[in-house]
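A short worksheet on the structure shown next.
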Amino acid sequence: MSRKRKAYHRTYTKGKRASFLRRHSLSVTVTFVVLFAGAFILSLSFPWAGFSSDSEEQNSYSAEAPKRVISLAPSITELIYTLGVDSILIADTRYCKHPPQADTLPDVGGFLDPNLELIVSLDPDLVVLLKEYNELSGKLRKLNIPVFTVDHQTIAGVLASYTQLGARLGAKAKADSLLASHQAHIAKVQKLTSTLNHPKTLVSIGHSDKPGVIRSVYAAGDEGFYSELVRIAGGVNVVKEDNVRYPILGPEALRTLAPEIILDIFPDSQEGAALDKRFVQEQWRSLSDIPAVHNSRVVVLEGSFLVIPGPRFIEILDKFVVALHPEINVSLLTR
């Protein structure tokens, strides 16, 4: 942390810190809406191998690899860079920040406000977007712009996108290697955690606060991306709202659910100030009768990758494993 930021941090009053956390919590919710495009819907099974795409359009494209590609989601942009074919990427969204080179490309807006005029002017021979962007996909087709969709709503969908996009962009070998590596790592984690205690876990993706008090929590539902990661990491999602992707839980509901571990997720601050994790912990102490709080097992996780369901989801998994099972030797997770 720079001297300037340290000085700023020292002058944070309690009121300013509370205000920052409230704004930060709101930014978490907004970030999830934008990056997750309506969140994730997961199946009860985990088809790590033998997956297939149900999209007919994936079989209708030309065999020739595209040379001018626009990505319309951070997870897609990260995958294109991971596959090593970023030289064909000519533009992405304002939310595409990783790797740093992605932030230097022209941005064509975001999910809620794509700049169709700019997209057309860039003359792409392929636009890659998420399957839930149905309306946007239809608009692009009407403009005679080729589109390719991937499913990043589930872990299985993310894994499937490696081979789908790899084949489309001429990076099959790299895609196959990435897929094999991530499947092997998931299997390793499952083996490491299979005989361990599975703690009751709450994943918080934002909360409404007033100074010193948490009033409500946006939690990950039972059939969501994070719930799936919790299960692989050797935990049990305490939330059983399978029809609500991100239920809002008040203090009494949290006490009834009695989580043994709370994973509190924060994307990187958009205001330039470092997140004060100690202050977050102070907020949770208002619910000290919850086992996770009483036993100091509220784990604050910070980073933009935590809300992007792309190839770095494997890093989220490792964070969850370490939080849920600190007894595991971290070196065993080395890929």
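The chains in the structure tokens are called A, B, ... from first to last as shown; in each chain the residues are counted from 1, and the ligands are counted from 1 in the order shown.
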
May I have all residues of segment 133-264 of chain A that DSSP, computed from the backbone, assigns to alpha helix (DSSP H), given as JSON, numbers by chain?
{"A": [134, 135, 136, 137, 138, 139, 140, 141, 142, 155, 156, 157, 158, 159, 160, 161, 162, 163, 164, 165, 166, 167, 168, 172, 173, 174, 175, 176, 177, 178, 179, 180, 181, 182, 183, 184, 185, 186, 187, 188, 189, 190, 191, 192, 193, 225, 226, 227, 228, 229, 230, 231, 232, 251, 252, 253, 254, 255, 256, 257]}

Would you write out those residues with C-alpha atoms, as a PDB file, in the first residue's frame?
ATOM      1  CA  ASN A 134     -30.701 -13.575 -26.150  1.00  0.00           C
ATOM      2  CA  GLU A 135     -31.989 -10.121 -27.056  1.00  0.00           C
ATOM      3  CA  LEU A 136     -28.517  -8.786 -27.837  1.00  0.00           C
ATOM      4  CA  SER A 137     -27.680 -11.879 -29.858  1.00  0.00           C
ATOM      5  CA  GLY A 138     -30.812 -11.353 -31.938  1.00  0.00           C
ATOM      6  CA  LYS A 139     -29.928  -7.720 -32.615  1.00  0.00           C
ATOM      7  CA  LEU A 140     -26.452  -8.690 -33.786  1.00  0.00           C
ATOM      8  CA  ARG A 141     -27.821 -11.336 -36.140  1.00  0.00           C
ATOM      9  CA  LYS A 142     -30.193  -8.786 -37.663  1.00  0.00           C
ATOM     10  CA  ILE A 155     -18.980 -24.968 -13.884  1.00  0.00           C
ATOM     11  CA  ALA A 156     -19.782 -27.651 -16.442  1.00  0.00           C
ATOM     12  CA  GLY A 157     -20.695 -24.897 -18.893  1.00  0.00           C
ATOM     13  CA  VAL A 158     -17.425 -23.068 -18.264  1.00  0.00           C
ATOM     14  CA  LEU A 159     -15.472 -26.271 -18.846  1.00  0.00           C
ATOM     15  CA  ALA A 160     -17.443 -27.008 -22.010  1.00  0.00           C
ATOM     16  CA  SER A 161     -16.687 -23.531 -23.327  1.00  0.00           C
ATOM     17  CA  TYR A 162     -12.968 -24.339 -23.334  1.00  0.00           C
ATOM     18  CA  THR A 163     -13.381 -26.900 -26.102  1.00  0.00           C
ATOM     19  CA  GLN A 164     -16.202 -25.068 -27.864  1.00  0.00           C
ATOM     20  CA  LEU A 165     -14.426 -21.746 -28.116  1.00  0.00           C
ATOM     21  CA  GLY A 166     -11.043 -23.401 -28.572  1.00  0.00           C
ATOM     22  CA  ALA A 167     -12.334 -25.246 -31.627  1.00  0.00           C
ATOM     23  CA  ARG A 168     -13.969 -22.114 -33.032  1.00  0.00           C
ATOM     24  CA  LYS A 172      -8.028 -26.812 -29.785  1.00  0.00           C
ATOM     25  CA  ALA A 173      -4.756 -28.118 -28.346  1.00  0.00           C
ATOM     26  CA  LYS A 174      -4.547 -25.359 -25.727  1.00  0.00           C
ATOM     27  CA  ALA A 175      -8.231 -25.793 -24.882  1.00  0.00           C
ATOM     28  CA  ASP A 176      -7.848 -29.549 -24.399  1.00  0.00           C
ATOM     29  CA  SER A 177      -4.843 -28.997 -22.127  1.00  0.00           C
ATOM     30  CA  LEU A 178      -6.684 -26.375 -20.046  1.00  0.00           C
ATOM     31  CA  LEU A 179      -9.718 -28.620 -19.715  1.00  0.00           C
ATOM     32  CA  ALA A 180      -7.667 -31.615 -18.613  1.00  0.00           C
ATOM     33  CA  SER A 181      -5.786 -29.516 -16.066  1.00  0.00           C
ATOM     34  CA  HIS A 182      -8.925 -28.073 -14.498  1.00  0.00           C
ATOM     35  CA  GLN A 183     -10.767 -31.393 -14.440  1.00  0.00           C
ATOM     36  CA  ALA A 184      -7.773 -32.979 -12.714  1.00  0.00           C
ATOM     37  CA  HIS A 185      -7.655 -30.186 -10.146  1.00  0.00           C
ATOM     38  CA  ILE A 186     -11.354 -30.522  -9.358  1.00  0.00           C
ATOM     39  CA  ALA A 187     -10.888 -34.260  -8.878  1.00  0.00           C
ATOM     40  CA  LYS A 188      -7.913 -33.604  -6.571  1.00  0.00           C
ATOM     41  CA  VAL A 189      -9.936 -31.186  -4.441  1.00  0.00           C
ATOM     42  CA  GLN A 190     -12.848 -33.607  -4.198  1.00  0.00           C
ATOM     43  CA  LYS A 191     -10.506 -36.368  -3.074  1.00  0.00           C
ATOM     44  CA  LEU A 192      -8.837 -34.138  -0.462  1.00  0.00           C
ATOM     45  CA  THR A 193     -12.142 -33.022   1.052  1.00  0.00           C
ATOM     46  CA  PHE A 225     -22.437 -21.249  -8.932  1.00  0.00           C
ATOM     47  CA  TYR A 226     -21.076 -20.587  -5.450  1.00  0.00           C
ATOM     48  CA  SER A 227     -23.101 -23.371  -3.920  1.00  0.00           C
ATOM     49  CA  GLU A 228     -21.524 -25.755  -6.387  1.00  0.00           C
ATOM     50  CA  LEU A 229     -18.052 -24.496  -5.486  1.00  0.00           C
ATOM     51  CA  VAL A 230     -18.860 -24.936  -1.793  1.00  0.00           C
ATOM     52  CA  ARG A 231     -19.851 -28.556  -2.369  1.00  0.00           C
ATOM     53  CA  ILE A 232     -16.670 -29.331  -4.311  1.00  0.00           C
ATOM     54  CA  PRO A 251     -30.753 -11.327  11.048  1.00  0.00           C
ATOM     55  CA  GLU A 252     -33.383 -13.794  12.263  1.00  0.00           C
ATOM     56  CA  ALA A 253     -33.068 -15.943   9.141  1.00  0.00           C
ATOM     57  CA  LEU A 254     -29.290 -15.938   9.558  1.00  0.00           C
ATOM     58  CA  ARG A 255     -29.624 -17.019  13.172  1.00  0.00           C
ATOM     59  CA  THR A 256     -31.988 -19.820  12.183  1.00  0.00           C
ATOM     60  CA  LEU A 257     -29.619 -21.050   9.446  1.00  0.00           C
TER      61      LEU A 257
END

Test item, strand (DSSP E or B) assignment across segment 142-320 of chain A, answer as a PyMOL selection string:
chain A and resi 147-150+200-210+213-219+236-237+248-249+261-266+298-302

I'd like the interatomic distance between atom CA of Val321 of chain A and atom CA of Val213 of chain A, to a tenth of an Å.
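Pair atom CA of Val321 of chain A / atom CA of Val213 of chain A returns 28.2 Å.
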
Using only C-alpha atoms, can you tell me which of A:Ile80, A:Leu324, A:Leu126, A:Leu112 comes closest to Lys200 of chain A?
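Of A:Ile80, A:Leu324, A:Leu126, A:Leu112, the one nearest Lys200 of chain A is A:Leu324, counting only C-alpha atoms.
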